[in-house]
Structures are given as structure tokens and as C-alpha cells.
file coords-v4.txt (compact mmCIF, C-alpha atoms and all ligand atoms)
# COMPACT_ATOMS: atom_id res chain seq x y z
CA MET A 29 115.54 199.70 105.98
CA SER A 30 118.16 202.30 106.73
CA ALA A 31 121.54 201.59 105.23
CA VAL A 32 123.77 200.44 108.05
CA PRO A 33 127.30 199.60 106.96
CA LEU A 34 128.36 196.07 107.73
CA GLN A 35 130.32 196.43 110.97
CA THR A 36 131.29 192.87 111.57
CA PRO A 37 131.04 189.60 109.62
CA ALA A 38 127.64 187.94 109.89
CA SER A 39 128.84 184.70 111.48
CA GLY A 40 131.53 183.35 113.78
CA PRO A 41 132.49 184.86 117.11
CA LEU A 42 132.22 188.59 117.69
CA ASP A 43 135.16 190.66 116.52
CA LEU A 44 135.24 192.68 119.72
CA GLU A 45 137.82 195.17 118.54
CA ARG A 46 135.69 196.05 115.53
CA VAL A 47 132.51 196.12 117.56
CA ARG A 48 134.04 198.40 120.19
CA ALA A 49 135.32 200.73 117.49
CA ASP A 50 131.66 201.31 116.54
CA PHE A 51 130.97 202.86 119.96
CA PRO A 52 132.80 206.21 120.15
CA ILE A 53 132.08 206.75 123.85
CA LEU A 54 134.08 203.64 124.78
CA SER A 55 137.33 205.16 123.54
CA GLU A 56 136.62 208.88 123.89
CA VAL A 57 135.83 208.95 127.59
CA GLN A 58 138.36 208.54 130.36
CA VAL A 59 137.44 208.56 134.03
CA HIS A 60 140.09 209.75 136.49
CA GLY A 61 142.60 209.28 133.67
CA LYS A 62 141.59 205.65 133.23
CA PRO A 63 139.77 204.04 130.31
CA LEU A 64 136.04 203.86 130.82
CA VAL A 65 134.78 200.41 131.79
CA TYR A 66 131.07 200.75 131.16
CA LEU A 67 129.11 198.14 133.11
CA ASP A 68 125.82 200.01 133.55
CA ASN A 69 124.13 198.75 130.42
CA ALA A 70 120.93 197.67 132.19
CA ALA A 71 120.32 201.33 133.04
CA SER A 72 121.18 202.64 129.59
CA SER A 73 123.38 201.19 126.89
CA GLN A 74 125.64 203.14 124.54
CA MET A 75 124.95 204.13 120.94
CA PRO A 76 127.02 202.85 118.02
CA ARG A 77 128.18 205.18 115.26
CA PRO A 78 125.52 204.08 112.69
CA VAL A 79 122.78 205.10 115.14
CA ILE A 80 124.44 208.43 115.91
CA ASP A 81 124.93 208.97 112.16
CA ARG A 82 121.27 208.18 111.53
CA LEU A 83 120.23 210.81 114.08
CA VAL A 84 122.54 213.37 112.50
CA ARG A 85 121.32 212.53 108.98
CA TYR A 86 117.72 212.91 110.10
CA GLN A 87 118.37 216.24 111.80
CA THR A 88 120.46 217.63 108.96
CA ARG A 89 118.47 216.41 105.96
CA GLU A 90 115.06 214.99 106.86
CA HIS A 91 113.48 216.77 109.80
CA ALA A 92 109.89 218.05 109.72
CA ASN A 93 106.72 217.22 111.57
CA ILE A 94 104.97 214.11 110.30
CA HIS A 95 101.52 213.04 109.09
CA ARG A 96 100.48 216.65 108.55
CA GLY A 97 102.27 218.20 105.63
CA VAL A 98 102.11 217.92 101.88
CA HIS A 99 105.61 219.34 101.58
CA TYR A 100 108.71 217.35 100.71
CA LEU A 101 110.35 217.17 104.14
CA SER A 102 107.19 216.20 105.92
CA ALA A 103 106.77 213.29 103.51
CA VAL A 104 110.41 212.21 103.98
CA ALA A 105 110.11 212.32 107.77
CA THR A 106 106.74 210.53 107.71
CA ASP A 107 108.12 207.77 105.48
CA ALA A 108 111.16 207.29 107.73
CA TYR A 109 109.03 207.22 110.89
CA GLU A 110 106.57 204.71 109.43
CA ALA A 111 109.45 202.62 108.07
CA ALA A 112 110.82 202.55 111.64
CA ARG A 113 107.49 201.09 112.76
CA GLY A 114 107.95 198.35 110.17
CA THR A 115 111.48 197.66 111.44
CA VAL A 116 110.16 197.27 115.00
CA ARG A 117 107.33 195.07 113.73
CA ARG A 118 109.81 192.71 112.05
CA PHE A 119 112.12 192.80 115.11
CA LEU A 120 109.29 191.52 117.35
CA ASN A 121 107.71 189.45 114.57
CA ALA A 122 104.36 191.15 115.13
CA ARG A 123 101.70 190.46 112.53
CA GLU A 124 100.97 194.03 111.50
CA ASP A 125 102.57 197.47 111.67
CA ARG A 126 99.44 198.84 113.34
CA GLU A 127 100.20 196.65 116.36
CA ILE A 128 103.29 198.77 117.07
CA VAL A 129 102.78 201.96 119.10
CA PHE A 130 105.65 204.36 119.69
CA THR A 131 105.73 205.66 123.25
CA SER A 132 108.32 207.69 125.12
CA ASN A 133 109.73 204.71 127.06
CA VAL A 134 108.61 201.41 128.53
CA THR A 135 107.16 203.20 131.57
CA ASP A 136 104.90 205.15 129.23
CA ALA A 137 103.90 201.91 127.45
CA ILE A 138 102.86 200.26 130.72
CA ASN A 139 100.92 203.36 131.75
CA LEU A 140 99.22 203.31 128.36
CA VAL A 141 97.94 199.79 129.00
CA ALA A 142 96.94 200.65 132.58
CA HIS A 143 94.88 203.58 131.31
CA GLY A 144 93.75 202.32 127.91
CA TYR A 145 92.91 198.77 128.95
CA GLY A 146 92.81 198.79 132.76
CA ARG A 147 90.60 201.83 133.25
CA ALA A 148 88.21 200.62 130.56
CA PHE A 149 87.89 196.97 131.53
CA LEU A 150 88.71 196.52 135.22
CA GLY A 151 86.33 197.12 138.10
CA ALA A 152 85.97 196.75 141.87
CA GLY A 153 87.18 193.40 143.17
CA ASP A 154 89.09 192.53 140.00
CA GLU A 155 92.70 191.37 140.33
CA ILE A 156 95.97 192.09 138.55
CA VAL A 157 98.85 189.63 138.81
CA ILE A 158 102.49 190.72 138.84
CA THR A 159 105.64 189.19 140.36
CA HIS A 160 107.86 190.16 143.29
CA MET A 161 110.74 191.06 140.95
CA GLU A 162 109.06 193.86 138.97
CA HIS A 163 110.64 197.24 138.31
CA HIS A 164 108.61 200.07 139.88
CA ALA A 165 107.38 200.87 136.35
CA ASN A 166 105.50 197.57 136.40
CA ILE A 167 104.13 198.03 139.92
CA VAL A 168 103.09 201.64 140.43
CA PRO A 169 100.81 202.09 137.38
CA TRP A 170 98.87 198.97 138.49
CA GLN A 171 98.68 200.20 142.08
CA MET A 172 97.29 203.52 140.86
CA LEU A 173 94.73 201.63 138.78
CA CYS A 174 93.80 199.42 141.75
CA GLU A 175 93.36 202.47 143.95
CA GLU A 176 91.07 204.10 141.42
CA LYS A 177 89.00 201.00 140.68
CA GLY A 178 88.99 199.19 144.00
CA ALA A 179 90.90 196.36 142.32
CA LYS A 180 93.59 194.25 143.96
CA LEU A 181 97.25 193.62 143.14
CA ARG A 182 98.35 189.99 143.56
CA VAL A 183 102.07 189.25 143.68
CA ALA A 184 103.70 185.97 142.67
CA PRO A 185 106.56 185.22 145.07
CA ILE A 186 110.18 184.55 144.14
CA ASP A 187 112.51 182.04 145.76
CA ASP A 188 116.00 182.63 147.20
CA ALA A 189 117.60 182.18 143.78
CA GLY A 190 115.35 184.88 142.34
CA GLU A 191 113.04 182.64 140.33
CA VAL A 192 109.26 183.02 140.27
CA VAL A 193 107.62 180.19 142.22
CA MET A 194 105.52 178.93 139.35
CA GLU A 195 103.03 176.90 141.41
CA GLU A 196 102.26 180.04 143.42
CA TYR A 197 101.96 182.10 140.26
CA GLU A 198 99.42 179.67 138.87
CA LYS A 199 97.50 179.55 142.17
CA LEU A 200 96.88 183.31 141.96
CA PHE A 201 94.52 182.87 139.01
CA ASN A 202 90.82 182.90 139.78
CA PRO A 203 87.68 184.27 138.11
CA ARG A 204 88.51 187.79 139.35
CA THR A 205 91.91 187.84 137.61
CA LYS A 206 91.63 190.36 134.78
CA LEU A 207 95.21 191.21 133.80
CA VAL A 208 98.77 189.92 134.23
CA SER A 209 101.93 191.96 133.77
CA VAL A 210 105.35 190.41 134.31
CA THR A 211 108.89 191.23 133.42
CA HIS A 212 110.73 189.11 130.87
CA VAL A 213 114.09 189.72 132.58
CA SER A 214 114.67 191.19 136.04
CA ASN A 215 116.81 194.32 136.04
CA ALA A 216 117.92 193.74 139.64
CA LEU A 217 118.53 189.98 139.60
CA GLY A 218 119.09 189.12 135.97
CA THR A 219 116.51 186.32 136.12
CA VAL A 220 115.06 185.34 132.76
CA ASN A 221 111.47 184.41 133.48
CA PRO A 222 109.81 181.44 131.77
CA VAL A 223 107.47 183.86 130.02
CA LYS A 224 106.24 181.34 127.47
CA GLU A 225 104.94 179.18 130.29
CA MET A 226 103.61 182.21 132.20
CA ILE A 227 101.75 183.37 129.09
CA ALA A 228 100.33 179.87 128.50
CA ILE A 229 98.97 179.82 132.06
CA ALA A 230 97.36 183.25 131.62
CA ARG A 231 95.96 182.14 128.28
CA HIS A 232 94.54 178.97 129.86
CA HIS A 233 92.65 181.19 132.31
CA GLY A 234 91.57 183.58 129.56
CA VAL A 235 93.45 186.54 131.06
CA PRO A 236 95.38 189.07 128.92
CA ILE A 237 99.08 189.28 129.73
CA MET A 238 101.63 192.03 129.25
CA ILE A 239 105.39 191.43 129.18
CA ASP A 240 107.88 194.12 130.23
CA GLY A 241 110.73 193.44 127.83
CA ALA A 242 112.93 196.36 128.88
CA GLN A 243 115.78 194.03 129.89
CA ALA A 244 115.15 191.31 127.32
CA VAL A 245 115.19 192.58 123.73
CA GLN A 246 118.87 193.57 123.86
CA HIS A 247 119.89 190.06 124.95
CA MET A 248 117.72 187.55 123.08
CA PRO A 249 115.43 187.22 120.07
CA VAL A 250 111.80 187.93 120.93
CA ASP A 251 108.90 186.68 118.81
CA VAL A 252 105.55 187.99 120.06
CA GLN A 253 103.57 185.60 117.88
CA ALA A 254 105.45 182.56 119.17
CA LEU A 255 105.09 183.87 122.74
CA ASP A 256 101.42 184.67 122.15
CA CYS A 257 101.49 187.54 124.65
CA ASP A 258 98.86 190.28 124.42
CA PHE A 259 101.21 193.19 125.07
CA TYR A 260 104.99 193.48 124.95
CA ALA A 261 106.91 196.66 125.74
CA PHE A 262 110.51 197.83 125.59
CA THR A 263 112.55 201.00 125.72
CA GLY A 264 114.97 202.41 123.13
CA HIS A 265 117.84 203.55 125.30
CA LYS A 266 118.59 200.05 126.59
CA LEU A 267 118.71 198.73 123.01
CA PHE A 268 121.60 200.96 121.85
CA GLY A 269 119.12 203.60 120.69
CA PRO A 270 118.28 207.05 121.99
CA THR A 271 116.34 208.06 125.06
CA GLY A 272 112.79 209.35 124.58
CA VAL A 273 111.38 206.44 122.61
CA GLY A 274 109.76 203.19 123.66
CA VAL A 275 107.52 200.62 122.03
CA LEU A 276 104.24 199.01 122.93
CA TYR A 277 103.24 195.96 120.94
CA GLY A 278 99.60 194.99 121.38
CA LYS A 279 97.39 192.50 119.58
CA ALA A 280 95.30 194.51 117.13
CA ALA A 281 91.97 193.28 118.53
CA LEU A 282 92.91 194.50 122.01
CA LEU A 283 94.35 197.83 120.88
CA GLU A 284 91.18 198.39 118.87
CA LYS A 285 88.92 198.08 121.86
CA MET A 286 91.13 200.12 124.21
CA ARG A 287 90.55 203.72 125.15
CA PRO A 288 93.08 206.30 124.03
CA PHE A 289 95.55 207.27 126.77
CA ARG A 290 96.23 210.87 125.83
CA GLY A 291 94.08 213.24 123.83
CA GLY A 292 95.41 215.70 121.27
CA GLY A 293 96.53 216.04 117.70
CA ASP A 294 97.11 213.06 115.39
CA MET A 295 95.01 210.68 117.50
CA ILE A 296 91.74 211.96 116.01
CA LEU A 297 89.85 211.63 112.75
CA SER A 298 87.54 214.56 113.41
CA VAL A 299 86.87 217.00 116.22
CA THR A 300 83.85 219.16 116.94
CA PHE A 301 82.94 220.64 120.29
CA GLU A 302 80.18 218.06 120.51
CA LYS A 303 82.14 214.94 119.58
CA THR A 304 85.57 213.66 118.67
CA THR A 305 86.14 210.57 116.54
CA TYR A 306 89.39 208.78 117.29
CA ASN A 307 91.95 207.76 114.73
CA THR A 308 92.65 204.11 113.88
CA ILE A 309 95.38 202.17 115.69
CA PRO A 310 98.25 202.77 116.27
CA PHE A 311 97.69 206.51 115.79
CA LYS A 312 94.90 206.55 118.37
CA PHE A 313 97.67 206.14 120.97
CA GLU A 314 100.19 208.58 119.54
CA ALA A 315 98.77 211.97 120.53
CA GLY A 316 100.91 214.99 119.76
CA THR A 317 104.22 215.08 117.93
CA PRO A 318 105.84 211.70 118.58
CA PRO A 319 109.56 211.02 119.12
CA ILE A 320 110.25 211.13 115.37
CA ALA A 321 114.05 211.32 115.38
CA GLN A 322 114.27 208.84 118.22
CA ALA A 323 112.02 206.25 116.55
CA ILE A 324 114.03 206.51 113.33
CA ALA A 325 117.30 206.11 115.25
CA LEU A 326 115.81 203.19 117.19
CA ALA A 327 115.20 201.45 113.88
CA ALA A 328 118.87 201.99 113.02
CA ALA A 329 119.79 200.45 116.40
CA ILE A 330 117.62 197.42 115.60
CA ASP A 331 119.27 197.07 112.19
CA TYR A 332 122.66 197.25 113.91
CA VAL A 333 121.79 194.60 116.51
CA LYS A 334 120.33 192.32 113.83
CA GLU A 335 123.49 192.65 111.81
CA ILE A 336 125.64 191.64 114.78
CA GLY A 337 123.11 188.87 115.50
CA LEU A 338 121.23 188.35 118.75
CA ASP A 339 122.41 184.74 118.92
CA ARG A 340 126.04 185.84 118.81
CA ILE A 341 125.30 188.59 121.32
CA ALA A 342 123.71 186.04 123.66
CA ALA A 343 126.67 183.66 123.32
CA HIS A 344 129.22 186.37 124.18
CA GLU A 345 127.14 187.72 127.06
CA ARG A 346 126.73 184.21 128.49
CA GLU A 347 130.51 183.93 128.55
CA LEU A 348 130.85 187.37 130.20
CA LEU A 349 128.27 186.47 132.85
CA ARG A 350 129.86 183.07 133.56
CA TYR A 351 133.32 184.58 133.90
CA ALA A 352 132.15 187.54 136.00
CA THR A 353 130.13 185.28 138.31
CA GLU A 354 133.13 183.00 138.86
CA SER A 355 135.53 185.91 139.30
CA LEU A 356 133.41 187.68 141.90
CA GLN A 357 132.42 184.49 143.72
CA ALA A 358 136.11 183.75 144.20
CA ILE A 359 136.50 186.91 146.29
CA PRO A 360 135.98 186.29 150.02
CA GLY A 361 132.93 188.13 151.39
CA VAL A 362 131.29 188.76 148.02
CA ARG A 363 127.67 187.65 147.85
CA ILE A 364 125.80 187.47 144.57
CA ILE A 365 122.13 188.40 144.69
CA GLY A 366 120.18 186.55 142.01
CA THR A 367 121.34 183.06 141.16
CA ALA A 368 118.55 181.89 138.87
CA ARG A 369 119.30 179.07 136.43
CA GLU A 370 118.47 181.32 133.47
CA LYS A 371 120.05 184.75 133.70
CA ALA A 372 120.77 187.64 131.39
CA SER A 373 124.10 189.43 131.81
CA VAL A 374 123.15 191.30 135.00
CA LEU A 375 125.17 190.69 138.15
CA SER A 376 124.02 192.18 141.46
CA PHE A 377 126.41 191.78 144.35
CA TYR A 378 127.34 192.74 147.86
CA VAL A 379 130.92 193.11 149.17
CA GLY A 380 131.01 192.05 152.83
CA ASP A 381 129.57 194.82 154.98
CA VAL A 382 130.57 197.60 152.60
CA HIS A 383 127.63 199.74 151.57
CA PRO A 384 127.00 199.33 147.82
CA HIS A 385 127.25 203.11 147.34
CA ASP A 386 130.82 203.00 148.68
CA VAL A 387 131.55 200.08 146.36
CA GLY A 388 130.24 202.05 143.38
CA THR A 389 132.15 205.20 144.34
CA LEU A 390 135.42 203.31 144.71
CA LEU A 391 134.93 201.39 141.46
CA ASN A 392 134.37 204.75 139.77
CA ASP A 393 137.86 205.75 140.93
CA ASP A 394 139.06 202.90 138.71
CA GLY A 395 136.96 204.12 135.78
CA ILE A 396 134.37 201.40 136.27
CA ALA A 397 130.71 202.37 135.92
CA VAL A 398 128.34 200.15 137.89
CA ARG A 399 124.96 201.06 139.31
CA THR A 400 124.31 201.01 143.03
CA GLY A 401 120.99 201.32 144.82
CA HIS A 402 117.66 199.57 144.75
CA HIS A 403 117.48 199.67 140.93
CA CYS A 404 113.86 200.84 141.11
CA ALA A 405 112.97 197.41 142.43
CA GLN A 406 112.61 198.04 146.17
CA PRO A 407 110.45 194.93 146.76
CA VAL A 408 113.37 192.82 145.48
CA MET A 409 115.66 194.45 148.05
CA GLN A 410 113.03 193.85 150.76
CA ARG A 411 112.81 190.19 149.71
CA TYR A 412 116.56 189.77 150.38
CA GLY A 413 116.62 192.04 153.45
CA ILE A 414 119.13 194.46 151.95
CA PRO A 415 118.88 198.18 151.15
CA ALA A 416 120.74 198.07 147.87
CA THR A 417 123.19 196.18 145.68
CA ALA A 418 126.06 197.05 143.37
CA ARG A 419 125.16 195.88 139.88
CA ALA A 420 127.38 195.19 136.91
CA SER A 421 125.41 194.76 133.70
CA PHE A 422 127.13 193.72 130.50
CA ALA A 423 126.52 194.44 126.83
CA PHE A 424 128.05 192.64 123.87
CA TYR A 425 130.83 195.25 123.61
CA ASN A 426 132.19 194.37 127.05
CA THR A 427 135.26 192.18 127.30
CA LEU A 428 136.67 189.52 129.60
CA ALA A 429 139.54 191.95 130.31
CA GLU A 430 136.97 194.40 131.67
CA VAL A 431 135.63 191.66 133.93
CA ASP A 432 139.19 191.20 135.22
CA LYS A 433 139.34 194.93 135.98
CA LEU A 434 136.03 194.72 137.84
CA ALA A 435 137.22 191.77 139.91
CA ALA A 436 140.57 193.45 140.71
CA SER A 437 138.78 196.61 141.76
CA VAL A 438 136.34 194.70 143.98
CA ARG A 439 139.29 192.92 145.60
CA TRP A 440 140.82 196.33 146.29
CA VAL A 441 137.57 197.58 147.87
CA GLN A 442 137.36 194.46 149.97
CA LYS A 443 140.94 194.97 151.18
CA LEU A 444 140.35 198.66 151.98
CA PHE A 445 137.45 197.78 154.25
CA GLY A 446 139.37 194.74 155.47
N1 LIG B 501 111.21 197.83 133.35
C1 LIG B 501 112.41 197.27 133.59
C2 LIG B 501 112.53 195.79 133.74
C3 LIG B 501 113.53 198.11 133.66
O1 LIG B 501 114.72 197.56 133.89
C4 LIG B 501 113.38 199.50 133.51
C5 LIG B 501 114.54 200.45 133.66
C6 LIG B 501 112.11 200.01 133.25
C7 LIG B 501 111.04 199.14 133.21
C8 LIG B 501 111.87 201.47 133.00
O2 LIG B 501 112.49 201.88 131.83
P1 LIG B 501 112.27 203.36 131.27
O3 LIG B 501 113.03 203.44 130.01
O4 LIG B 501 110.82 203.55 131.09
O5 LIG B 501 112.83 204.26 132.34
N2 LIG B 501 115.59 199.97 134.46
C9 LIG B 501 116.62 200.71 134.94
C10 LIG B 501 117.67 200.14 135.66
O6 LIG B 501 117.78 198.95 135.91
N3 LIG B 501 118.54 201.11 136.02
O7 LIG B 501 118.10 202.29 135.53
C11 LIG B 501 116.90 202.04 134.87

call {"tool": "encode", "arguments": {"input": "coords-v4.txt", "output": "C-alpha cells"}}
result
Amino acid sequence: MSAVPLQTPASGPLDLERVRADFPILSEVQVHGKPLVYLDNAASSQMPRPVIDRLVRYQTREHANIHRGVHYLSAVATDAYEAARGTVRRFLNAREDREIVFTSNVTDAINLVAHGYGRAFLGAGDEIVITHMEHHANIVPWQMLCEEKGAKLRVAPIDDAGEVVMEEYEKLFNPRTKLVSVTHVSNALGTVNPVKEMIAIARHHGVPIMIDGAQAVQHMPVDVQALDCDFYAFTGHKLFGPTGVGVLYGKAALLEKMRPFRGGGDMILSVTFEKTTYNTIPFKFEAGTPPIAQAIALAAAIDYVKEIGLDRIAAHERELLRYATESLQAIPGVRIIGTAREKASVLSFYVGDVHPHDVGTLLNDDGIAVRTGHHCAQPVMQRYGIPATARASFAFYNTLAEVDKLAASVRWVQKLFG
């Protein structure tokens, strides 16, 4: 475990002032002379000081390439990188460290499964089940696989609230179903999917299931053994860590029988021109120099989040989402896209006939960062017959006062376009 100073007491409500003081960017950046109101956390969240410090410590005192050297620094870096794997393993409650593969992001993790599992075990006529609310990262790799193999993509529909229609999901299963991959939380709608139930259904049909946890791990505790999923993936930069690192959890038995995704150094035991023997898992999937600094900093981010407490984070974010939903709904002409019963702190909206890009540009004039566009989930936009939304996404360092600013700014936009 890296030594993260205690930032906030371990119980009771969040001390927001102390928490915000941990994130330098929140006070150091002004936009158009106004304090930054950062509500684009679903795209990328900010890094607290202990994570930045961990990166700096690594780069100033510990950096060398790993797994290859007998020298002091290589051993230090290798130990820190492998300790980071252990931190991730505990964070997801995986059984073994070797079930944790470091990737470059969640997109890379999904592609790894598409290549390592899909290309090895799917054939013509086989089917892959996803849902209508997937991010492009959980659509395109499967489409590419289907194209190559003559397999078929089956899509579970969503209803007007943005919930998966579970009866339809279950109906998609048949003897040709060979893989399921669904998101835990929708980045465009905020919907928290009933993944435990979705996994149980896949399990009942004997089909392996992958969960895209990119929008989940920063909001709620995840236990891969309790879920009993086969694969679970997330990305570092949405979990208050750096860009360039992601994680694939896979059950050891599945990872063992999968093909490597990329060939190169570190993923081999021996190489001759006649034959290469692959390394054991997880190294078989970590060809080339991995994101060493980023994985180590990700572990510091996990330590930080654990210290704050995911239950406390969830409680505060629930309050932010409730207040933001009420505040925006009270504005005439505002339509909220995604009204599922279970939501993470993601709020997509439309302001009358104003194009979401104009909404985002005008909010930026007030120092407010929201994302506008299709959020790499074009099928979701097609489902609602809209080209784009404006999306406010909250992290635990956001405040109710920032929600007030958002609502005031949206009111101003609405008035401007009258
Ligand atoms: N899956 C989901 C559910 C996501 O929200 C994202 C990124 C990804 C996969 C891909 O993550 P990456 O780290 O591999 O790029 N979502 C967003 C977003 O909502 N706005 O910008 C990126």
C-alpha cells in the first residue's frame, strides 16, 4: 500500500472543503475569470494531490523498466507495479492478482477480450449480446469481431426511461449465444444496470459475460466475486487516476485459455524462430513496457477513494443528483434524458430547442464544464431521436452550490433563446 495521508475523517458526512482542497485544479483554474465548475467527470475526473504526488515520487525516485533488470531501480519499480496489481485486486475483490491485467484504458480491455476470447472461441452464426445503451467502445470491437467471424450482434432494447427491458434481454439467449458484454452504468443516461441479475441470466445459459465498469467503479463498491462476472473492465482516468491505464479483470480459467492480444516483450517465456512459448497470466496480456507510472498512480487513486469511502461518495452523489434533477426539471423547457430508477450522478439534458453545443458553449462562459454531443453513444441518441445532449456529471468533490450555478446558467441560456 502506498502511504496516502488521511485527507478526511473515515466516517460521517464528507468534509467538502477538505476534500476539494485535495484537488489543486479546482482552485487553480479560472475560466473567463470565474471559478471552474467542473461537471465533466464522466469523461475524465480530476486527480487529488496524493495521486499527483505519487506520480512525482515515482518519476523522481523510482523509475526504471520493470520485470527485466537486476538493478536496484528496476526492482523498486517492479515491486511498486506489482503492488498496484494487488491494490486493484483488493479493490475489485478478485481472487488472485493474476486475474488483473493492466491495459491502456477500458477500450483496450474490451478489445483484448474481443481478440483474446472472441477470435479464439466464436465462429460463424454465433451471437454476442449487448444493450442499446453501450458506449461505442462496447459496440465497435464486437462488430469488428462479428464481421470477421460471420457472427451476429444482438441488442437488448431500452425503454423510455433508459432501462434495459429485462424480458427482452433474456429472450435474446439461445444456443448460439456465445458472449455477453454490457455496461454497468450508462455514460449517456446514468442508468445503473441490474448487472447482478444480467450476470445470473447469462450464467443460467452458460454464456460468459463481460461488464464495462468505466462509469461504475468511481461511484459504488464493486465485488467481482459477488457479481460472478467473467470479465470486468474499467479505466484509470475516470477514477481520479491518470490517463493511459485501464484494468481488465478476468476469471483465471478464462484468461488461461485465451489467446494473447498483442505479441512482444514480457508476454513470452521463450522465443525461437520456430516457436514462441507464452508467459503465464496476467503477463501473457501485457506485451511491451506497460503503463508503469500510471498503474502505480492508479493504485494511489484507489487508496484515496477507499479512504474517503465509496459509501460516503455514493451518499453525497445521490444528493447531488437529486438536487440537480429537481433544479433542472423546475426550468421550463428543460427535458432530462435518462430517468431510470437507479442512476449514477450523470444528468443528460436538453434546453428547449437550443442545440446542446450552444448550451455547452454558453455554460463555459460561466466557467461551467459540461460535455455536449453524443457521448460516444450514438445509438442512445438515435433511440431518443436527438442528435446530442448536454451532460453534467458529478464527482464527490462537487457541491450543491455548483448545482445552483448550473441551474442559474441554464436559466440564463433558456432566457437568451427565449
Ligand atoms: N465505456 C464507457 C461506459 C465509457 O463511459 C467510456 C468513456 C468508455 C467505455 C471508454 O473509456 P476509455 O477510457 O477507454 O476512453 N466515456 C466517455 C464519456 O462519457 N465522455 O468521454 C468519454

call {"tool": "closest_atom_pairs", "arguments": {"input": "coords-v4.txt", "of": "chain A", "to": "ligand LIG 501 (chain B)", "cutoff": "7 Å", "atoms": "only C-alpha atoms and all ligand atoms", "output": "tab-separated table"}}
result
residue	atom	partner	partner_atom	distance
A:Ala70	CA	B:LIG501	O6	5.0
A:Ala71	CA	B:LIG501	O7	3.5
A:Ser72	CA	B:LIG501	O7	6.7
A:Asn133	CA	B:LIG501	O4	4.3
A:Val134	CA	B:LIG501	O4	4.0
A:Thr135	CA	B:LIG501	O4	3.7
A:Asp136	CA	B:LIG501	O4	6.4
A:Glu162	CA	B:LIG501	C2	6.6
A:His163	CA	B:LIG501	N1	5.0
A:Ala165	CA	B:LIG501	C7	5.1
A:Asn166	CA	B:LIG501	N1	6.5
A:Thr211	CA	B:LIG501	C2	5.8
A:Val213	CA	B:LIG501	C2	6.4
A:Ser214	CA	B:LIG501	C2	5.6
A:Asn215	CA	B:LIG501	O1	4.4
A:Ala216	CA	B:LIG501	O6	6.4
A:Asp240	CA	B:LIG501	N1	5.9
A:Gly241	CA	B:LIG501	C2	6.6
A:Ala242	CA	B:LIG501	C1	4.8
A:Gln243	CA	B:LIG501	C2	5.3
A:Thr263	CA	B:LIG501	O3	5.0
A:His265	CA	B:LIG501	O3	6.7
A:His403	CA	B:LIG501	O6	5.1
A:Cys404	CA	B:LIG501	C10	6.7

call {"tool": "write_last_selection", "arguments": {"input": "coords-v4.txt", "atoms": "C-alpha atoms", "output": "short mmCIF file (atom, residue, chain, number, x, y, z; two decimals), keeping the file's coordinate frame"}}
result
data_model
loop_
_atom_site.label_atom_id
_atom_site.label_comp_id
_atom_site.auth_asym_id
_atom_site.auth_seq_id
_atom_site.Cartn_x
_atom_site.Cartn_y
_atom_site.Cartn_z
CA ALA A 70 120.93 197.67 132.19
CA ALA A 71 120.32 201.33 133.04
CA SER A 72 121.18 202.64 129.59
CA ASN A 133 109.73 204.71 127.06
CA VAL A 134 108.61 201.41 128.53
CA THR A 135 107.16 203.20 131.57
CA ASP A 136 104.90 205.15 129.23
CA GLU A 162 109.06 193.86 138.97
CA HIS A 163 110.64 197.24 138.31
CA ALA A 165 107.38 200.87 136.35
CA ASN A 166 105.50 197.57 136.40
CA THR A 211 108.89 191.23 133.42
CA VAL A 213 114.09 189.72 132.58
CA SER A 214 114.67 191.19 136.04
CA ASN A 215 116.81 194.32 136.04
CA ALA A 216 117.92 193.74 139.64
CA ASP A 240 107.88 194.12 130.23
CA GLY A 241 110.73 193.44 127.83
CA ALA A 242 112.93 196.36 128.88
CA GLN A 243 115.78 194.03 129.89
CA THR A 263 112.55 201.00 125.72
CA HIS A 265 117.84 203.55 125.30
CA HIS A 403 117.48 199.67 140.93
CA CYS A 404 113.86 200.84 141.11
#

call {"tool": "closest_residue", "arguments": {"input": "coords-v4.txt", "among": "A:Asp125, A:Glu45, A:Glu176, A:Glu335", "to": "Leu150 in chain A", "atoms": "all atoms listed in the file"}}
result
A:Glu176

call {"tool": "closest_atom_pairs", "arguments": {"input": "coords-v4.txt", "of": "range 114-207 of chain A", "to": "range 371-375 of chain A", "cutoff": "12 Å", "atoms": "only C-alpha atoms", "output": "CSV"}}
result
residue,atom,partner,partner_atom,distance
A:Ala189,CA,A:Lys371,CA,10.7
A:Gly190,CA,A:Lys371,CA,9.8
A:Glu191,CA,A:Lys371,CA,9.9

call {"tool": "closest_residue", "arguments": {"input": "coords-v4.txt", "among": "A:Phe289, A:Phe119, A:Phe311, A:Phe262", "to": "Gly144 in chain A", "atoms": "all atoms listed in the file"}}
result
A:Phe289

call {"tool": "residues_near_point", "arguments": {"input": "coords-v4.txt", "point": "(101.4, 190.6, 126.9)", "cutoff": "6 Å", "atoms": "all atoms listed in the file", "output": "PyMOL selection string"}}
result
chain A and resi 237-239+257-260

call {"tool": "residues_around", "arguments": {"input": "coords-v4.txt", "residues": "Ile320 in chain A", "least_positions_apart": "6", "cutoff": "10 Å", "atoms": "all atoms listed in the file", "output": "NGL selection string"}}
result
:A and (86 or 91-94 or 105-106 or 108-110 or 112 or 130 or 272-273 or 326)

call {"tool": "residues_near_point", "arguments": {"input": "coords-v4.txt", "point": "(123.8, 200.7, 143.5)", "cutoff": "8 Å", "atoms": "only C-alpha atoms", "output": "JSON, numbers by chain"}}
result
{"A": [384, 385, 388, 398, 399, 400, 401, 402, 403, 416, 417, 418, 419]}
